>>> print(open('protein15.cif').read())   # mmCIF, C-alpha atoms
data_input
#
loop_
_atom_site.label_atom_id
_atom_site.label_comp_id
_atom_site.auth_asym_id
_atom_site.auth_seq_id
_atom_site.Cartn_x
_atom_site.Cartn_y
_atom_site.Cartn_z
CA MET Q 384 38.60 -15.45 44.38
CA ASN Q 385 36.65 -12.16 44.20
CA LEU Q 386 33.09 -11.83 42.89
CA ASN Q 387 34.09 -10.56 39.44
CA CYS Q 388 36.48 -13.47 38.93
CA LYS Q 389 33.79 -15.94 39.97
CA ARG Q 390 31.35 -14.39 37.50
CA TRP Q 391 33.93 -14.53 34.73
CA LEU Q 392 34.73 -18.19 35.45
CA TYR Q 393 31.04 -19.05 35.51
CA PHE Q 394 30.34 -17.51 32.11
CA MET Q 395 33.40 -19.13 30.55
CA ILE Q 396 32.36 -22.58 31.83
CA ALA Q 397 28.72 -22.07 30.83
CA GLY Q 398 29.69 -21.00 27.33
CA SER Q 399 32.06 -23.91 26.88
CA VAL Q 400 29.45 -26.43 27.98
CA ALA Q 401 26.84 -24.90 25.68
CA LEU Q 402 29.16 -25.28 22.72
CA THR Q 403 30.36 -28.82 23.14
CA THR Q 404 28.50 -29.62 20.04
CA PRO Q 405 29.52 -26.63 15.26
CA ALA Q 406 29.81 -26.41 11.96
CA PHE Q 407 31.24 -26.64 8.53
CA VAL Q 408 33.04 -23.84 6.75
CA TYR Q 409 30.67 -20.96 6.01
CA ALA Q 410 30.67 -19.44 2.54
CA GLN Q 411 28.83 -16.34 3.73
CA VAL Q 412 29.26 -13.94 6.62
CA ASP Q 413 27.08 -11.04 7.70
CA GLU Q 414 29.63 -9.46 10.04
CA ILE Q 415 33.29 -8.86 9.13
CA GLN Q 416 34.74 -7.45 12.33
CA VAL Q 417 37.42 -8.18 14.91
CA TYR Q 418 36.02 -7.77 18.43
CA GLN Q 419 38.36 -5.58 20.47
CA GLY Q 420 36.75 -5.93 23.90
CA GLY Q 421 34.83 -2.67 24.08
CA ILE Q 422 31.13 -2.54 24.96
CA ALA Q 423 28.38 0.06 25.26
CA ALA Q 424 28.48 1.98 28.53
CA LYS Q 425 25.97 0.91 31.17
CA GLY Q 426 22.51 2.13 30.20
CA VAL Q 427 23.47 2.98 26.61
CA PHE Q 428 21.51 1.58 23.66
CA ASN Q 429 23.31 1.72 20.33
CA LEU Q 430 22.99 0.70 16.69
CA THR Q 431 25.63 -0.70 14.35
CA LEU Q 432 24.99 -1.21 10.64
CA HIS Q 433 27.09 -3.92 8.96
CA THR Q 434 27.25 -3.90 5.15
CA ASN Q 435 29.48 -6.10 2.96
CA TYR Q 436 29.71 -6.29 -0.82
CA THR Q 437 31.70 -8.88 -2.79
CA PRO Q 438 32.57 -7.71 -6.32
CA ARG Q 439 34.62 -10.87 -6.93
CA GLY Q 440 33.72 -13.89 -4.89
CA ILE Q 441 33.07 -17.61 -4.97
CA ASP Q 442 30.44 -18.21 -7.64
CA VAL Q 443 29.36 -21.71 -6.58
CA ALA Q 444 26.63 -22.23 -4.00
CA GLY Q 445 27.74 -24.02 -0.84
CA PHE Q 446 24.55 -26.09 -1.00
CA PRO Q 447 21.44 -26.12 -3.24
CA GLY Q 448 19.57 -22.82 -2.95
CA ALA Q 449 22.30 -21.07 -0.95
CA VAL Q 450 23.23 -17.42 -1.36
CA VAL Q 451 26.27 -17.15 -3.66
CA SER Q 452 28.91 -14.68 -2.50
CA ASN Q 453 29.96 -13.45 -5.96
CA HIS Q 454 28.35 -10.01 -6.54
CA SER Q 455 26.33 -10.39 -3.32
CA LEU Q 456 25.44 -7.70 -0.81
CA ASN Q 457 25.07 -8.83 2.82
CA GLY Q 458 24.21 -6.86 5.89
CA VAL Q 459 22.49 -6.60 9.24
CA PRO Q 460 21.52 -3.94 11.79
CA GLU Q 461 22.97 -4.79 15.21
CA PHE Q 462 21.26 -3.45 18.33
CA ALA Q 463 23.18 -3.51 21.62
CA TYR Q 464 22.56 -2.47 25.21
CA GLY Q 465 25.12 -1.99 27.98
CA VAL Q 466 23.68 -3.94 30.91
CA THR Q 467 26.67 -3.59 33.25
CA LYS Q 468 30.30 -2.51 32.99
CA TRP Q 469 31.17 -6.05 31.91
CA PHE Q 470 28.07 -7.31 30.05
CA GLU Q 471 26.44 -6.21 26.79
CA ALA Q 472 23.38 -7.83 25.20
CA GLY Q 473 22.88 -7.69 21.44
CA LEU Q 474 20.38 -8.51 18.70
CA TYR Q 475 21.09 -8.80 14.96
CA LEU Q 476 17.83 -8.28 13.06
CA PRO Q 477 17.23 -8.79 10.23
CA LEU Q 478 20.11 -10.51 8.46
CA TYR Q 479 19.61 -9.89 4.74
CA SER Q 480 21.37 -10.46 1.43
CA VAL Q 481 20.98 -9.62 -2.23
CA ASP Q 482 22.04 -12.51 -4.45
CA GLU Q 483 22.63 -11.80 -8.15
CA HIS Q 484 20.50 -14.83 -9.06
CA ALA Q 485 17.96 -15.18 -6.25
CA GLY Q 486 17.58 -11.49 -5.46
CA PHE Q 487 16.77 -10.00 -2.07
CA GLY Q 488 16.01 -12.24 0.87
CA LEU Q 489 15.94 -12.38 4.66
CA ASP Q 490 18.47 -14.76 6.18
CA GLY Q 491 17.51 -14.91 9.87
CA PHE Q 492 18.55 -13.23 13.11
CA LYS Q 493 21.06 -13.62 15.96
CA LEU Q 494 21.17 -13.13 19.73
CA ARG Q 495 24.45 -12.06 21.32
CA THR Q 496 25.91 -11.89 24.83
CA LEU Q 497 29.29 -10.20 25.31
CA PHE Q 498 31.28 -10.41 28.56
CA VAL Q 499 34.44 -8.34 28.97
CA ALA Q 500 36.85 -7.05 31.56
CA PRO Q 501 35.67 -3.57 32.61
CA ASN Q 502 37.50 -0.64 31.02
CA ASN Q 503 39.26 -2.79 28.43
CA ASP Q 504 40.29 0.24 26.39
CA ASP Q 505 42.50 1.39 29.28
CA ARG Q 506 44.13 -2.02 29.90
CA LYS Q 507 47.40 -3.19 28.43
CA PHE Q 508 45.87 -6.68 28.25
CA ALA Q 509 42.19 -6.74 27.27
CA TYR Q 510 40.01 -9.83 27.31
CA GLY Q 511 36.45 -11.04 26.97
CA VAL Q 512 34.23 -13.62 25.35
CA ASN Q 513 31.22 -13.32 23.04
CA PHE Q 514 28.46 -15.90 22.51
CA GLU Q 515 26.04 -15.85 19.59
CA LEU Q 516 22.97 -17.94 18.83
CA SER Q 517 21.81 -17.80 15.19
CA PHE Q 518 18.43 -18.71 13.74
CA ASN Q 519 19.03 -19.24 10.02
CA ASN Q 520 16.78 -19.27 7.00
CA LYS Q 521 17.32 -21.99 4.39
CA ARG Q 522 19.08 -19.76 1.86
CA TRP Q 523 21.75 -18.83 4.45
CA ASP Q 524 22.55 -22.11 6.18
CA GLN Q 525 21.47 -25.74 5.96
CA LYS Q 526 21.13 -25.81 9.75
CA ARG Q 527 18.28 -23.90 11.34
CA ILE Q 528 20.29 -23.14 14.49
CA SER Q 529 24.03 -22.45 14.83
CA SER Q 530 26.27 -20.72 17.35
CA GLU Q 531 29.60 -18.97 17.80
CA ILE Q 532 31.94 -18.62 20.72
CA ARG Q 533 34.43 -15.77 20.25
CA PRO Q 534 37.17 -15.31 22.86
CA ILE Q 535 38.76 -11.86 22.75
CA LEU Q 536 42.45 -11.36 23.50
CA GLY Q 537 44.01 -7.94 23.04
CA TRP Q 538 47.24 -6.12 23.79
CA HIS Q 539 47.49 -2.32 23.76
CA PHE Q 540 51.02 -1.08 23.09
CA LYS Q 541 50.20 2.56 22.43
CA PRO Q 542 49.91 3.59 19.65
CA PHE Q 543 49.62 -0.03 18.42
CA ASP Q 544 46.93 -2.61 19.17
CA PHE Q 545 47.08 -6.35 18.54
CA ILE Q 546 43.76 -8.22 18.82
CA PHE Q 547 43.09 -11.94 18.35
CA ASN Q 548 39.69 -13.67 18.21
CA PRO Q 549 40.11 -17.50 18.13
CA ILE Q 550 36.52 -18.13 17.01
CA LEU Q 551 34.78 -21.50 17.19
CA ASP Q 552 31.56 -22.07 15.22
CA THR Q 553 29.09 -24.85 15.87
CA GLU Q 554 26.04 -26.38 14.26
CA TYR Q 555 25.56 -28.69 17.26
CA ASP Q 556 26.86 -31.77 15.49
CA GLY Q 557 29.66 -32.87 17.81
CA PHE Q 558 32.72 -31.43 19.51
CA LYS Q 559 35.09 -32.73 16.84
CA ASN Q 560 33.21 -30.71 14.21
CA LEU Q 561 33.82 -27.37 15.89
CA ASP Q 562 34.93 -25.05 13.10
CA PHE Q 563 37.98 -22.87 13.79
CA ALA Q 564 37.65 -19.43 12.16
CA PRO Q 565 40.14 -17.03 13.81
CA SER Q 566 40.36 -13.31 13.10
CA THR Q 567 43.30 -11.00 13.85
CA ARG Q 568 43.84 -7.24 13.86
CA LEU Q 569 47.00 -5.13 14.02
CA ALA Q 570 46.20 -1.40 14.27
CA TYR Q 571 48.04 1.88 14.46
CA ASN Q 572 46.16 4.65 16.27
CA ALA Q 573 47.20 7.97 14.75
CA ASN Q 574 45.13 9.81 17.38
CA SER Q 575 41.90 9.40 19.33
CA GLN Q 576 39.83 9.71 16.13
CA TRP Q 577 41.75 7.88 13.39
CA ALA Q 578 43.28 4.42 13.12
CA ILE Q 579 44.54 2.25 10.28
CA ALA Q 580 44.73 -1.52 10.54
CA VAL Q 581 45.47 -4.80 8.83
CA GLU Q 582 42.97 -7.57 9.58
CA GLU Q 583 43.00 -11.25 8.65
CA TYR Q 584 39.94 -13.51 8.61
CA ALA Q 585 40.44 -17.24 8.24
CA ASP Q 586 38.45 -20.46 8.31
CA LEU Q 587 40.60 -23.55 8.81
CA GLY Q 588 37.82 -26.11 9.04
CA ALA Q 589 36.83 -28.61 11.71
CA ILE Q 590 39.25 -28.90 14.64
CA HIS Q 591 39.58 -32.68 14.35
CA LYS Q 592 41.10 -32.29 10.88
CA PHE Q 593 41.91 -28.90 9.40
CA GLN Q 594 41.47 -28.41 5.67
CA SER Q 595 44.54 -28.24 3.45
CA VAL Q 596 45.87 -24.70 3.07
CA ALA Q 597 44.45 -24.46 -0.46
CA ASN Q 598 40.97 -25.34 0.87
CA GLN Q 599 41.12 -22.94 3.81
CA SER Q 600 39.65 -19.46 3.60
CA HIS Q 601 42.09 -16.59 4.20
CA GLN Q 602 41.28 -12.92 3.56
CA VAL Q 603 43.45 -9.90 4.41
CA TYR Q 604 41.84 -6.47 4.82
CA ALA Q 605 43.19 -2.93 4.82
CA VAL Q 606 41.00 -0.99 7.25
CA VAL Q 607 40.45 2.64 8.22
CA ASP Q 608 38.56 3.61 11.41
CA HIS Q 609 37.17 7.02 12.35
CA SER Q 610 35.55 7.87 15.70
CA GLY Q 611 33.41 10.98 15.42
CA LYS Q 612 31.24 12.88 17.89
CA THR Q 613 28.10 11.09 16.70
CA TRP Q 614 29.12 8.31 14.30
CA ASP Q 615 31.89 5.73 14.31
CA ILE Q 616 32.86 4.46 10.85
CA GLU Q 617 34.99 1.54 9.74
CA PHE Q 618 35.77 0.84 6.08
CA GLY Q 619 37.83 -2.03 4.74
CA ALA Q 620 38.83 -3.74 1.50
CA GLY Q 621 39.86 -7.39 1.58
CA VAL Q 622 41.58 -9.75 -0.83
CA GLY Q 623 41.50 -13.54 -0.77
CA LEU Q 624 44.71 -15.54 -0.56
CA THR Q 625 43.39 -19.01 -1.49
CA ASP Q 626 40.97 -20.54 -3.98
CA ALA Q 627 38.52 -21.11 -1.11
CA SER Q 628 38.39 -17.36 -0.38
CA ASP Q 629 36.41 -14.55 -1.94
CA LYS Q 630 38.83 -12.63 -4.16
CA PHE Q 631 37.72 -9.09 -3.28
CA THR Q 632 35.31 -7.85 -0.61
CA LEU Q 633 34.36 -4.43 0.71
CA LYS Q 634 33.02 -3.83 4.21
CA LEU Q 635 31.44 -0.83 5.90
CA ILE Q 636 30.50 -0.59 9.59
CA VAL Q 637 28.65 2.49 10.86
CA ALA Q 638 27.70 2.87 14.54
CA ARG Q 639 26.17 5.41 16.90
CA ASP Q 640 24.53 5.62 20.32
CA LEU Q 641 20.75 6.02 20.15
CA TYR Q 642 19.74 6.36 23.78
CA LYS Q 643 21.21 6.62 27.27
CA ARG Q 644 19.22 5.71 30.36
CA HIS Q 645 19.71 8.32 33.08
#
>>> encode(input="protein15.cif", output="structure tokens")
Amino acid sequence: MNLNCKRWLYFMIAGSVALTTPAFVYAQVDEIQVYQGGIAAKGVFNLTLHTNYTPRGIDVAGFPGAVVSNHSLNGVPEFAYGVTKWFEAGLYLPLYSVDEHAGFGLDGFKLRTLFVAPNNDDRKFAYGVNFELSFNNKRWDQKRISSEIRPILGWHFKPFDFIFNPILDTEYDGFKNLDFAPSTRLAYNANSQWAIAVEEYADLGAIHKFQSVANQSHQVYAVVDHSGKTWDIEFGAGVGLTDASDKFTLKLIVARDLYKRH
């Protein structure tokens, strides 16, 4: 086994052990994105702005005092640094939301570590895994600390891409309560600058007993991506397929490199 394989195995085992203990179904999300396995180049520091608005959403709070998704605006700046060809470190700060009843508020912050196969964009089979540690304010989550493990599996059949993120969320309340919230992306790359995609975001509930289909969250998005010389932009519009889903959501992701260490 070569050194890179040993490193990969180590991080997979470490992440799995750390997450043997997650969460109920989330009513709110700050980041609506399928991870495709790309990272910032080594020595590059970049910024991604996530913004989501829900014109028609669930209008009942998930718990007393919680942000309600209907008519809410959620977002977060994401800072990332390419440490090596296979490791990127990230910070989400601050998470914020504007609730139509409670107004503007800060919702916490997140730490992220992303491990990928080098040069994933050039591989037919791309893979990686992302770990997040969230520190939540009361209006966002009943638990102060929660986490996510996001495996990344991708296949590049030029000009098509198929990406699958079988996400597990945890609030450190037992392995059986791991929450399964997969996301999927099928994209057509018209050229090096433009792509269109269909994405699906779901939340099936705890792995020991999935929710009934009617009580699961399922949203399908139409997405357009543009890679420019300075800015990368992703815009999407999503519709809910079940009563447990927000009916209509808009997302905007804007990213650019800020600094490169020479």
>>> resolve_selection(input="protein15.cif", expression="the PyMOL selection byres ((chain Q and resi 611) around 12)", output="VMD selection string")
chain Q and resid 574 to 577 608 to 610 612 to 617 637 to 640
>>> closest_residue(input="protein15.cif", among="Q:Asn513, Q:Ser595, Q:Thr632, Q:Asn560", to="Trp469 (chain Q)", atoms="only C-alpha atoms")
Q:Asn513
>>> residues_around(input="protein15.cif", residues="Ser600 (chain Q)", least_positions_apart="3", cutoff="8 Å", atoms="all atoms listed in the file", output="list in words")
Tyr584, Ala585, Asp586, Leu587, Gly623, Leu624, Thr625, Asp626, Ala627 and Ser628 of chain Q
>>> resolve_selection(input="protein15.cif", expression="the PyMOL selection byres ((chain Q and resi 434-438) around 10)", output="ChimeraX atom specification")
/Q:412-415,431-433,439-441,451-460,479-481,618-621,629-637
>>> atom_distance(input="protein15.cif", atom1="CA of Val443 (chain Q)", atom2="CA of Ala597 (chain Q)")
16.5 Å
>>> build_atoms(input="protein15.cif", residues="region 520-532 of chain Q", atoms="N, CA, C and O atoms", output="CSV table (one decimal), in the coordinates of the input")
chain,number,residue,atom,x,y,z
Q,520,ASN,N,17.7,-18.9,8.1
Q,520,ASN,CA,16.8,-19.3,7.0
Q,520,ASN,C,17.5,-20.2,6.0
Q,520,ASN,O,18.7,-20.2,6.0
Q,521,LYS,N,16.7,-20.9,5.2
Q,521,LYS,CA,17.3,-22.0,4.4
Q,521,LYS,C,18.3,-21.5,3.4
Q,521,LYS,O,19.3,-22.2,3.1
Q,522,ARG,N,18.2,-20.3,2.9
Q,522,ARG,CA,19.1,-19.8,1.9
Q,522,ARG,C,20.4,-19.4,2.5
Q,522,ARG,O,21.4,-19.2,1.7
Q,523,TRP,N,20.5,-19.3,3.8
Q,523,TRP,CA,21.8,-18.8,4.4
Q,523,TRP,C,22.5,-20.0,5.0
Q,523,TRP,O,23.8,-20.0,5.0
Q,524,ASP,N,21.9,-21.0,5.5
Q,524,ASP,CA,22.6,-22.1,6.2
Q,524,ASP,C,21.6,-23.3,6.1
Q,524,ASP,O,20.4,-23.2,6.3
Q,525,GLN,N,22.2,-24.5,6.0
Q,525,GLN,CA,21.5,-25.7,6.0
Q,525,GLN,C,20.9,-26.1,7.3
Q,525,GLN,O,19.9,-26.8,7.5
Q,526,LYS,N,21.6,-25.6,8.4
Q,526,LYS,CA,21.1,-25.8,9.8
Q,526,LYS,C,20.3,-24.6,10.2
Q,526,LYS,O,20.7,-23.5,10.1
Q,527,ARG,N,19.2,-24.9,10.8
Q,527,ARG,CA,18.3,-23.9,11.3
Q,527,ARG,C,18.9,-23.1,12.5
Q,527,ARG,O,18.8,-21.9,12.6
Q,528,ILE,N,19.7,-23.8,13.3
Q,528,ILE,CA,20.3,-23.1,14.5
Q,528,ILE,C,21.8,-23.4,14.5
Q,528,ILE,O,22.2,-24.5,14.3
Q,529,SER,N,22.6,-22.3,14.7
Q,529,SER,CA,24.0,-22.4,14.8
Q,529,SER,C,24.5,-21.5,15.9
Q,529,SER,O,23.7,-20.6,16.3
Q,530,SER,N,25.7,-21.6,16.3
Q,530,SER,CA,26.3,-20.7,17.4
Q,530,SER,C,27.7,-20.4,17.1
Q,530,SER,O,28.4,-21.1,16.3
Q,531,GLU,N,28.2,-19.4,17.8
Q,531,GLU,CA,29.6,-19.0,17.8
Q,531,GLU,C,30.1,-18.7,19.2
Q,531,GLU,O,29.3,-18.0,20.0
Q,532,ILE,N,31.3,-19.1,19.5
Q,532,ILE,CA,31.9,-18.6,20.7
Q,532,ILE,C,33.2,-17.9,20.3
Q,532,ILE,O,34.0,-18.4,19.5
